[in-house]
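Next comes my_file11.cif, a file with mmCIF, C-alpha atoms.
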data_entry
loop_
_atom_site.label_atom_id
_atom_site.label_comp_id
_atom_site.auth_asym_id
_atom_site.auth_seq_id
_atom_site.Cartn_x
_atom_site.Cartn_y
_atom_site.Cartn_z
CA MET A 1 -72.87 -0.96 109.33
CA HIS A 2 -74.46 -1.20 112.75
CA GLY A 3 -72.31 -2.79 115.36
CA SER A 4 -69.19 -2.57 113.26
CA LEU A 5 -67.47 -0.18 115.63
CA ALA A 6 -65.61 -1.85 118.50
CA THR A 7 -65.04 0.10 121.67
CA SER A 8 -63.99 -0.35 125.23
CA LYS A 9 -66.72 1.86 126.63
CA SER A 10 -70.41 1.15 126.36
CA GLY A 11 -71.51 4.04 128.57
CA GLU A 12 -74.81 4.64 130.25
CA ASP A 13 -76.46 5.47 126.95
CA GLY A 14 -75.47 2.16 125.53
CA VAL A 15 -77.13 0.05 128.21
CA ARG A 16 -80.20 -0.54 126.13
CA SER A 17 -78.40 -0.13 122.85
CA GLY A 18 -79.49 -2.28 119.98
CA GLU A 19 -82.42 -3.72 121.89
CA ASP A 20 -84.94 -2.56 119.35
CA ALA A 21 -82.96 -3.81 116.42
CA GLY A 22 -82.07 -7.04 118.18
CA GLU A 23 -78.45 -6.39 117.27
CA PRO A 24 -75.81 -5.51 119.84
CA THR A 25 -73.93 -2.28 119.12
CA GLU A 26 -71.31 -1.37 121.65
CA ALA A 27 -69.87 1.81 120.24
CA PRO A 28 -70.62 4.82 122.43
CA ASP A 29 -72.97 7.49 121.24
CA GLU A 30 -70.14 9.90 120.56
CA VAL A 31 -68.88 7.70 117.72
CA TRP A 32 -72.27 7.55 116.06
CA VAL A 33 -72.80 11.26 116.62
CA ALA A 34 -69.48 12.03 114.94
CA LYS A 35 -70.37 9.87 111.96
CA ALA A 36 -73.86 11.35 111.76
CA ARG A 37 -72.41 14.85 111.76
CA GLN A 38 -70.35 13.88 108.75
CA GLY A 39 -73.58 13.08 106.96
CA ASP A 40 -73.87 9.36 107.68
CA SER A 41 -77.62 8.93 107.89
CA SER A 42 -77.41 5.31 109.02
CA ALA A 43 -75.30 6.40 112.01
CA PHE A 44 -78.11 8.65 113.13
CA GLY A 45 -80.44 5.70 112.54
CA GLU A 46 -78.41 3.79 115.14
CA LEU A 47 -78.86 6.66 117.62
CA VAL A 48 -82.59 6.63 116.96
CA THR A 49 -82.77 2.89 117.58
CA ARG A 50 -80.84 3.29 120.82
CA HIS A 51 -82.76 6.16 122.31
CA ARG A 52 -86.26 5.92 120.93
CA ARG A 53 -87.69 3.94 123.84
CA ARG A 54 -86.57 6.36 126.51
CA ALA A 55 -87.54 9.33 124.40
CA TYR A 56 -90.94 7.74 123.84
CA GLN A 57 -91.37 7.18 127.59
CA VAL A 58 -90.84 10.87 128.26
CA ALA A 59 -93.32 11.79 125.54
CA LEU A 60 -95.86 9.23 126.71
CA GLY A 61 -95.55 10.44 130.30
CA MET A 62 -96.14 14.03 129.27
CA LEU A 63 -98.89 13.37 126.75
CA GLY A 64 -100.57 10.18 128.02
CA HIS A 65 -101.45 9.18 124.48
CA HIS A 66 -99.69 6.55 122.39
CA ASP A 67 -100.08 7.90 118.86
CA THR A 68 -99.26 11.48 119.80
CA ALA A 69 -96.23 10.30 121.76
CA LEU A 70 -95.02 8.34 118.73
CA ASP A 71 -95.45 11.33 116.42
CA LEU A 72 -93.71 13.76 118.74
CA THR A 73 -90.84 11.37 119.44
CA GLN A 74 -90.27 11.11 115.71
CA GLU A 75 -90.46 14.89 115.42
CA ALA A 76 -87.91 15.25 118.21
CA PHE A 77 -85.48 13.04 116.29
CA VAL A 78 -86.01 15.12 113.17
CA ARG A 79 -85.20 18.28 115.14
CA ALA A 80 -82.18 16.60 116.71
CA PHE A 81 -80.87 15.64 113.28
CA GLN A 82 -81.40 19.15 111.98
CA SER A 83 -79.51 20.68 114.93
CA LEU A 84 -76.80 18.07 115.13
CA ALA A 85 -74.27 20.64 113.90
CA HIS A 86 -74.96 22.68 117.06
CA PHE A 87 -74.39 19.72 119.39
CA ARG A 88 -70.97 20.39 120.84
CA GLY A 89 -70.75 17.26 122.92
CA GLU A 90 -70.48 19.06 126.26
CA ALA A 91 -73.41 17.03 127.55
CA LYS A 92 -74.30 13.46 126.73
CA PHE A 93 -76.29 12.90 123.58
CA SER A 94 -79.09 11.38 125.68
CA THR A 95 -79.25 14.52 127.84
CA TRP A 96 -79.35 16.75 124.78
CA LEU A 97 -82.01 14.59 123.16
CA ARG A 98 -84.11 14.53 126.34
CA ARG A 99 -84.19 18.30 126.32
CA ILE A 100 -85.34 18.30 122.71
CA VAL A 101 -88.09 15.74 123.40
CA THR A 102 -89.25 17.71 126.43
CA ASN A 103 -89.34 20.95 124.45
CA VAL A 104 -91.23 19.36 121.57
CA CYS A 105 -93.83 18.00 124.00
CA LEU A 106 -94.02 21.29 125.89
CA ASP A 107 -94.59 23.19 122.64
CA TYR A 108 -97.32 20.76 121.69
CA LEU A 109 -99.03 20.96 125.08
CA ARG A 110 -98.85 24.75 125.19
CA LYS A 111 -100.42 25.00 121.75
CA ALA A 112 -103.07 22.45 122.71
CA GLU A 113 -103.73 24.36 125.92
CA HIS A 114 -104.13 27.53 123.89
CA ARG A 115 -106.58 25.85 121.51
CA THR A 116 -108.66 24.19 124.21
CA PRO A 117 -108.60 25.26 127.85
CA MET A 118 -107.25 22.74 130.31
CA ALA A 119 -109.62 19.91 131.02
CA SER A 120 -111.24 19.47 134.35
CA TYR A 121 -110.61 16.15 136.05
CA ASP A 122 -114.11 14.88 135.27
CA GLU A 123 -113.78 15.85 131.62
CA ALA A 124 -110.37 14.26 131.47
CA ILE A 125 -111.70 11.03 132.96
CA GLY A 126 -114.39 11.02 130.26
CA VAL A 127 -111.85 11.57 127.51
CA GLY A 128 -109.66 8.81 128.83
CA GLU A 129 -112.48 6.31 128.84
CA ASP A 130 -113.40 7.06 125.26
CA ASP A 131 -109.88 6.93 123.96
CA PRO A 132 -108.57 3.41 123.41
CA ASP A 133 -104.93 4.51 123.46
CA THR A 134 -105.27 6.23 126.81
CA VAL A 135 -107.16 3.34 128.30
CA ARG A 136 -104.57 0.92 126.98
CA LEU A 137 -101.85 2.80 128.80
CA ALA A 138 -103.88 2.70 131.97
CA SER A 139 -104.82 -0.94 131.58
CA THR A 140 -101.15 -1.90 131.52
CA LEU A 141 -101.19 -1.18 135.23
CA GLU A 142 -103.51 -4.09 135.76
CA SER A 143 -101.82 -7.19 137.09
CA PRO A 144 -103.14 -10.38 138.70
CA ASP A 145 -101.93 -9.14 142.08
CA THR A 146 -103.29 -5.67 142.00
CA GLY A 147 -106.20 -6.16 139.63
CA VAL A 148 -108.91 -3.61 139.19
CA TRP A 149 -107.52 -1.19 141.76
CA ARG A 150 -104.35 -0.63 139.76
CA LYS A 151 -106.23 -0.29 136.50
CA GLU A 152 -108.56 2.29 137.95
CA LEU A 153 -105.68 4.18 139.47
CA GLY A 154 -103.82 4.10 136.16
CA THR A 155 -106.80 5.51 134.27
CA ALA A 156 -107.26 8.14 136.92
CA ILE A 157 -103.57 9.15 136.89
CA VAL A 158 -103.59 9.63 133.12
CA ALA A 159 -106.74 11.73 133.43
CA ALA A 160 -105.37 13.71 136.36
CA MET A 161 -102.15 14.43 134.46
CA ASN A 162 -104.26 16.17 131.85
CA THR A 163 -105.28 18.71 134.45
CA LEU A 164 -101.68 19.76 135.21
CA THR A 165 -99.89 22.56 133.42
CA PRO A 166 -97.37 21.47 130.75
CA GLU A 167 -94.50 22.61 132.97
CA GLN A 168 -95.78 20.60 135.95
CA ARG A 169 -96.15 17.51 133.77
CA ALA A 170 -92.63 17.92 132.43
CA ALA A 171 -91.15 18.23 135.92
CA LEU A 172 -93.08 15.20 137.16
CA VAL A 173 -92.09 13.04 134.20
CA LEU A 174 -88.44 14.00 134.39
CA ARG A 175 -88.45 13.17 138.09
CA GLU A 176 -90.55 10.00 138.14
CA ILE A 177 -89.73 8.47 134.75
CA GLU A 178 -86.21 9.72 134.11
CA GLY A 179 -85.21 9.88 137.77
CA LEU A 180 -83.43 13.22 137.34
CA SER A 181 -82.29 15.34 140.26
CA TYR A 182 -83.86 18.74 140.78
CA GLU A 183 -80.75 20.37 139.38
CA GLU A 184 -80.86 18.26 136.22
CA ILE A 185 -84.57 18.99 135.80
CA ALA A 186 -83.87 22.69 136.23
CA LYS A 187 -81.23 22.55 133.49
CA THR A 188 -83.51 20.63 131.16
CA LEU A 189 -86.42 23.00 131.67
CA GLU A 190 -84.19 26.06 131.93
CA CYS A 191 -85.59 27.26 135.23
CA ALA A 192 -84.47 27.59 138.86
CA THR A 193 -84.22 24.61 141.21
CA GLY A 194 -86.76 26.27 143.49
CA THR A 195 -89.18 26.43 140.58
CA VAL A 196 -88.76 22.69 140.01
CA MET A 197 -89.47 22.04 143.68
CA SER A 198 -92.57 24.20 143.51
CA ARG A 199 -93.87 22.58 140.31
CA LEU A 200 -93.40 19.11 141.71
CA HIS A 201 -95.14 20.07 144.92
CA TYR A 202 -98.19 21.47 143.15
CA ALA A 203 -98.30 18.59 140.68
CA ARG A 204 -98.23 15.94 143.37
CA LYS A 205 -100.61 17.81 145.59
CA ARG A 206 -103.08 18.02 142.75
CA LEU A 207 -102.73 14.35 141.87
CA GLN A 208 -103.16 13.42 145.51
CA THR A 209 -106.30 15.55 145.83
CA LEU A 210 -107.85 14.18 142.64
CA LEU A 211 -106.89 10.57 143.18
CA ARG A 212 -107.36 10.16 146.90
CA GLU A 213 -110.55 8.19 146.48
CA HIS A 214 -108.75 5.65 144.28
CA TYR A 215 -106.25 4.46 146.82
CA GLU A 216 -107.65 5.34 150.21
CA PRO A 217 -109.33 2.41 151.97
CA MET B 1 -100.49 18.61 165.54
CA ASP B 2 -100.81 22.31 164.80
CA PRO B 3 -102.27 22.63 161.27
CA ARG B 4 -100.29 25.84 160.72
CA GLU B 5 -97.10 23.87 161.12
CA CYS B 6 -98.35 21.33 158.57
CA GLU B 7 -99.06 24.16 156.13
CA LEU B 8 -95.51 25.38 156.50
CA ILE B 9 -94.02 21.92 156.10
CA GLU B 10 -96.23 20.69 153.27
CA PRO B 11 -94.43 22.39 150.32
CA ALA B 12 -91.22 20.64 151.36
CA LEU B 13 -92.74 17.16 151.62
CA SER B 14 -92.33 16.53 147.92
CA ALA B 15 -88.65 17.40 148.11
CA LEU B 16 -88.27 15.18 151.16
CA ALA B 17 -89.80 12.27 149.23
CA ASP B 18 -87.28 12.93 146.44
CA ARG B 19 -84.37 13.17 148.91
CA GLU B 20 -83.68 16.68 147.73
CA LEU B 21 -83.72 18.30 151.17
CA PHE B 22 -80.46 18.76 152.99
CA GLY B 23 -79.08 20.09 156.25
CA PRO B 24 -81.25 21.71 158.89
CA GLU B 25 -84.21 22.01 156.55
CA ARG B 26 -84.28 18.26 156.10
CA GLU B 27 -84.04 17.71 159.85
CA THR B 28 -86.94 20.06 160.50
CA VAL B 29 -89.23 18.48 157.91
CA ALA B 30 -88.28 14.90 158.79
CA GLY B 31 -88.78 15.69 162.48
CA HIS B 32 -92.26 16.98 161.76
CA VAL B 33 -93.19 13.98 159.64
CA ALA B 34 -92.07 11.64 162.41
CA VAL B 35 -94.78 12.97 164.69
CA CYS B 36 -97.48 14.00 162.17
CA ASP B 37 -99.80 11.31 160.82
CA ALA B 38 -101.32 13.54 158.13
CA CYS B 39 -97.96 14.54 156.63
CA ARG B 40 -96.71 10.96 156.83
CA ARG B 41 -99.80 9.86 154.91
CA THR B 42 -99.15 12.54 152.29
CA LEU B 43 -95.60 11.27 151.85
CA GLU B 44 -96.90 7.73 151.42
CA ASP B 45 -99.47 8.98 148.87
CA TYR B 46 -96.69 10.58 146.83
CA ARG B 47 -94.79 7.32 146.78
CA VAL B 48 -97.83 5.27 145.73
CA LEU B 49 -98.69 7.70 142.96
CA GLY B 50 -95.09 7.84 141.75
CA THR B 51 -94.84 4.06 141.61
CA ALA B 52 -98.15 3.67 139.79
CA PHE B 53 -97.18 6.35 137.27
CA ARG B 54 -93.78 4.79 136.60
CA GLU B 55 -95.22 1.30 136.21
CA GLY B 56 -97.87 2.58 133.83
CA ILE B 57 -95.40 4.41 131.60
CA HIS B 58 -92.86 1.59 131.55
CA ALA B 59 -95.51 -0.99 130.77
CA GLY B 60 -97.10 1.32 128.20
CA SER B 61 -93.79 1.75 126.42
CA GLU B 62 -93.23 -1.99 126.01
CA ARG B 63 -94.72 -1.88 122.59
CA ASP B 64 -93.50 -1.86 119.05
CA LEU B 65 -91.71 1.41 118.41
CA SER B 66 -90.37 0.49 114.99
CA SER B 67 -92.42 3.28 113.44
CA ILE B 68 -89.94 5.68 115.04
CA THR B 69 -87.20 5.28 112.51
CA TRP B 70 -84.51 7.05 110.53
CA PRO B 71 -84.84 8.32 107.92
CA PRO B 72 -88.42 9.03 108.87
CA ARG B 73 -91.06 7.40 106.74
CA PRO B 74 -92.41 9.88 104.26
CA GLU B 75 -95.99 10.73 104.91
CA PRO B 76 -98.33 10.60 101.95
CA ALA B 77 -98.71 14.07 100.53
CA PRO B 78 -102.10 15.40 101.49
CA ARG B 79 -104.31 16.39 98.59
CA ALA B 80 -104.77 20.11 98.39
CA PRO B 81 -108.39 20.72 99.32
CA SER B 82 -110.46 22.70 96.88
CA ARG B 83 -111.04 26.22 98.13
CA VAL B 84 -114.67 26.12 97.14
CA LEU B 85 -115.13 22.79 98.88
CA THR B 86 -113.39 24.08 101.97
CA ARG B 87 -115.61 27.15 102.00
CA TRP B 88 -118.72 24.98 101.71
CA ARG B 89 -117.51 22.64 104.40
CA ARG B 90 -116.86 25.55 106.69
CA LEU B 91 -120.28 26.99 105.97
CA ILE B 92 -121.96 23.65 106.62
CA TYR B 93 -119.94 23.25 109.80
CA ASP B 94 -120.87 26.73 111.02
CA VAL B 95 -124.53 26.21 110.25
CA THR B 96 -124.74 22.77 111.77
CA ARG B 97 -123.14 24.04 114.97
CA TRP B 98 -126.23 26.10 115.66
CA VAL B 99 -129.00 24.29 113.81
CA ASP B 100 -129.88 20.63 113.88
CA PRO B 101 -129.61 19.89 110.14
CA TRP B 102 -131.89 16.86 109.87
CA PRO B 103 -135.29 18.51 110.39
CA VAL B 104 -134.23 21.31 108.03
CA LEU B 105 -133.04 18.85 105.40
CA ALA B 106 -136.19 16.76 105.78
CA GLY B 107 -138.36 19.87 105.41
CA ALA B 108 -136.43 21.02 102.34
CA ALA B 109 -136.70 17.58 100.75
CA ALA B 110 -140.46 17.49 101.40
CA LEU B 111 -140.87 20.95 99.88
CA ILE B 112 -138.91 20.01 96.77
CA ALA B 113 -140.93 16.81 96.41
CA LEU B 114 -144.15 18.79 96.75
CA VAL B 115 -143.16 21.33 94.10
CA LEU B 116 -142.02 18.63 91.68
CA GLY B 117 -145.14 16.59 92.35
CA ILE B 118 -147.44 19.51 91.63
CA GLY B 119 -145.51 20.29 88.48
CA LEU B 120 -145.74 16.73 87.25
CA ILE B 121 -149.34 16.02 88.20
CA GLN B 122 -150.86 19.30 87.04
CA PRO B 123 -152.31 18.86 83.51
CA ALA B 124 -151.43 21.33 80.81
CA ARG B 125 -154.19 23.89 80.58
CA GLU B 126 -155.32 25.86 77.61
CA PRO B 127 -155.19 29.62 77.92
CA ALA B 128 -158.58 31.04 78.89
CA ASN B 129 -158.93 33.08 75.72
CA ALA B 130 -157.74 30.42 73.33
CA VAL B 131 -159.35 30.37 69.92
CA GLU B 132 -159.43 27.32 67.74
CA ILE B 133 -158.39 28.05 64.20
CA GLU B 134 -157.80 25.82 61.27
CA ARG B 135 -155.55 27.95 59.07
CA VAL B 136 -153.33 30.93 59.54
CA ASP B 137 -153.05 33.54 56.85
CA ALA B 138 -151.68 36.73 58.25
CA ALA B 139 -149.98 39.70 56.63
CA GLY B 140 -147.74 40.25 59.65
CA PRO B 141 -145.33 37.81 61.16
CA VAL B 142 -146.60 35.12 63.46
CA MET B 143 -144.92 32.76 65.83
CA VAL B 144 -146.14 29.19 65.76
CA ILE B 145 -145.36 27.03 68.77
CA PRO B 146 -146.21 23.34 68.36
CA GLY B 147 -147.90 21.68 71.33
CA ASN B 148 -149.01 18.23 72.36
CA GLY B 149 -151.80 16.31 70.63
CA GLY B 150 -151.74 18.30 67.38
CA ARG B 151 -152.33 21.62 69.13
CA MET B 152 -150.29 24.66 68.51
CA THR B 153 -150.03 28.15 69.87
CA ILE B 154 -149.96 31.07 67.46
CA ILE B 155 -148.78 34.47 68.51
CA TRP B 156 -149.30 37.51 66.32
CA LEU B 157 -146.50 39.95 66.32
CA PHE B 158 -147.55 43.51 65.61
CA ASP B 159 -146.57 47.06 66.28
CA ALA B 160 -148.14 48.86 69.24
CA ASP B 161 -149.77 51.53 67.00
CA ASP B 162 -151.13 48.99 64.57
CA GLN B 163 -153.21 46.82 66.79
CA PRO B 164 -155.55 44.40 65.13
CA ASP B 165 -158.97 43.54 66.44
CA GLN B 166 -159.09 41.69 69.70
CA THR B 167 -160.60 38.76 67.91
CA PRO B 168 -158.26 37.29 65.42
CA THR B 169 -159.90 36.73 62.11
CA PRO B 170 -159.94 33.10 61.17
CA ILE B 171 -159.41 32.68 57.51
#

Starting from the coordinates I provided, produce the structure as structure tokens.
Amino acid sequence: MHGSLATSKSGEDGVRSGEDAGEPTEAPDEVWVAKARQGDSSAFGELVTRHRRRAYQVALGMLGHHDTALDLTQEAFVRAFQSLAHFRGEAKFSTWLRRIVTNVCLDYLRKAEHRTPMASYDEAIGVGEDDPDTVRLASTLESPDTGVWRKELGTAIVAAMNTLTPEQRAALVLREIEGLSYEEIAKTLECATGTVMSRLHYARKRLQTLLREHYEP
Amino acid sequence: MDPRECELIEPALSALADRELFGPERETVAGHVAVCDACRRTLEDYRVLGTAFREGIHAGSERDLSSITWPPRPEPAPRAPSRVLTRWRRLIYDVTRWVDPWPVLAGAAALIALVLGIGLIQPAREPANAVEIERVDAAGPVMVIPGNGGRMTIIWLFDADDQPDQTPTPI
């Protein structure tokens, strides 16, 4: 079934298509979306395979934890499937999905924030060191060239992210990981462009304040 | 550099780093950064942090994501916890939040052992006013309770207004 649809347009969304399955599929998302809306579950499976890595990156950036990011990415796909009938195709599927992933993560973070007050930086550093998944994310920053410095900075960034508000994290991830413009971020988060600018400013300022010791000579 | 000017410029530095400032505002901020070491350093910090964050997330996502699949894998149905068990767990949790359970448990265990030990070691005693008899021949009903070693306990049952002598008559 996968890859059986020929097309002249691969589209931006199709750049990484099929990479997880190891099988090239060149049909644009719209084709798979149309089939999925008609009840073809395997067509939605193709969309999941195409977009799961980018969706996971957004979740990982916002949550800083592998297992939680996996769970919430899966949940985002479930929600997307359930609301597929409401997807009118005015935006790209990837844009629509990104908004769902962001909202799922925001909901999770807001609930978590409600359950336990936001961690201080020192507490967050402690949590990160005890948690193998968090440390693994940070340790991926280590390279032969940059060595311990990068690893320490990575650990510290993950910990410092935990001290930001969910909205600040979302803005930072959409900017740094997804490379969205302020206008696109504002649409995704349903807020004003000025609000995006303000959130990014406070987020970066906080990271800079907390992490200065890690990269200043 | 006047720190008040830096304070005014600072909120726009992030937008300048993202190339989201335009027109005269951009010129003003960029002009300030050109002559202000502190603000230039802040801009550089933002870039370093952004790069490190991106690298970390991209490297962290280079892992097996096959568990994200469609249709989603069904999760094993969780067993419904017993209400009684849940209540006990909650009680134990509440108690152990405030009291270190091990000394209490050790004390309780020692107390139980002591009580059981006393019960086991203590020899069976005869009642102080026990009377040895060889045969029972009573008009009224009696209760005979067999004991160890051929002993038995006999209890006379009588009405309150028909009390026999204090000393039972051996027959």

**Study point:** Residues matched by the PyMOL selection byres ((chain A) within 9 of (chain B)) as a PyMOL selection string
**Key:** chain A and resi 20-21+41-42+44-46+48-49+52-54+56-58+60-61+64+66+70-71+73-74+77-78+136-142+150+153-154+157-158+172-173+175-177+181-182+197-198+200-202+204-205+207-208+211-212+215

Check your understanding: In Å, with one decimal, what is the gap from atom CA of A:Thr165 to atom CA of A:Val196?
Key ->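 So the answer is 12.9 Å.
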
Practice item. Just give me the gap between atom CA of B:Gly31 and atom CA of A:Thr195 in Å, one decimal is fine. Key: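 Interatomic distance here is 24.4 Å.
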
As JSON, please: the centre and edge lengths in Å, to one decimal, of an axis-aligned box enclosing every listed atom of stretch 94-99 of chain A with 3 Å added on each side.
{"center_x": -81.6, "center_y": 14.8, "center_z": 125.5, "size_x": 11.1, "size_y": 12.9, "size_z": 10.7}

Check your understanding: For B:Ala38, which residue among B:Ile154, B:Leu91, B:Met1, B:Leu16 is the nearest when counting only C-alpha atoms?
Key ->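 Looking only at the distances to B:Ala38, the closest residue turns out to be B:Met1.
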
Could you spell out the hits of the PyMOL selection byres ((chain B and resi 156) around 6) on the shown file, as a tab-separated table (two decimals) with C-alpha atoms, in the coordinates of the input?
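Output file part.tsv is given in full below:
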chain	number	residue	atom	x	y	z
B	142	VAL	CA	-146.60	35.12	63.46
B	155	ILE	CA	-148.78	34.47	68.51
B	157	LEU	CA	-146.50	39.95	66.32

Check your understanding: Between atom CA of A:His114 and atom CA of B:Asp100, what is the spacing in Å?
Key -> 28.5 Å

**Study point:** Spatial neighbours of stretch 82-89 of chain A, 12 Å, all atoms listed in the file, chain gap at least 6 places, as a ChimeraX atom specification
**Key:** /A:29-41,44,47,75-76,95-97,100
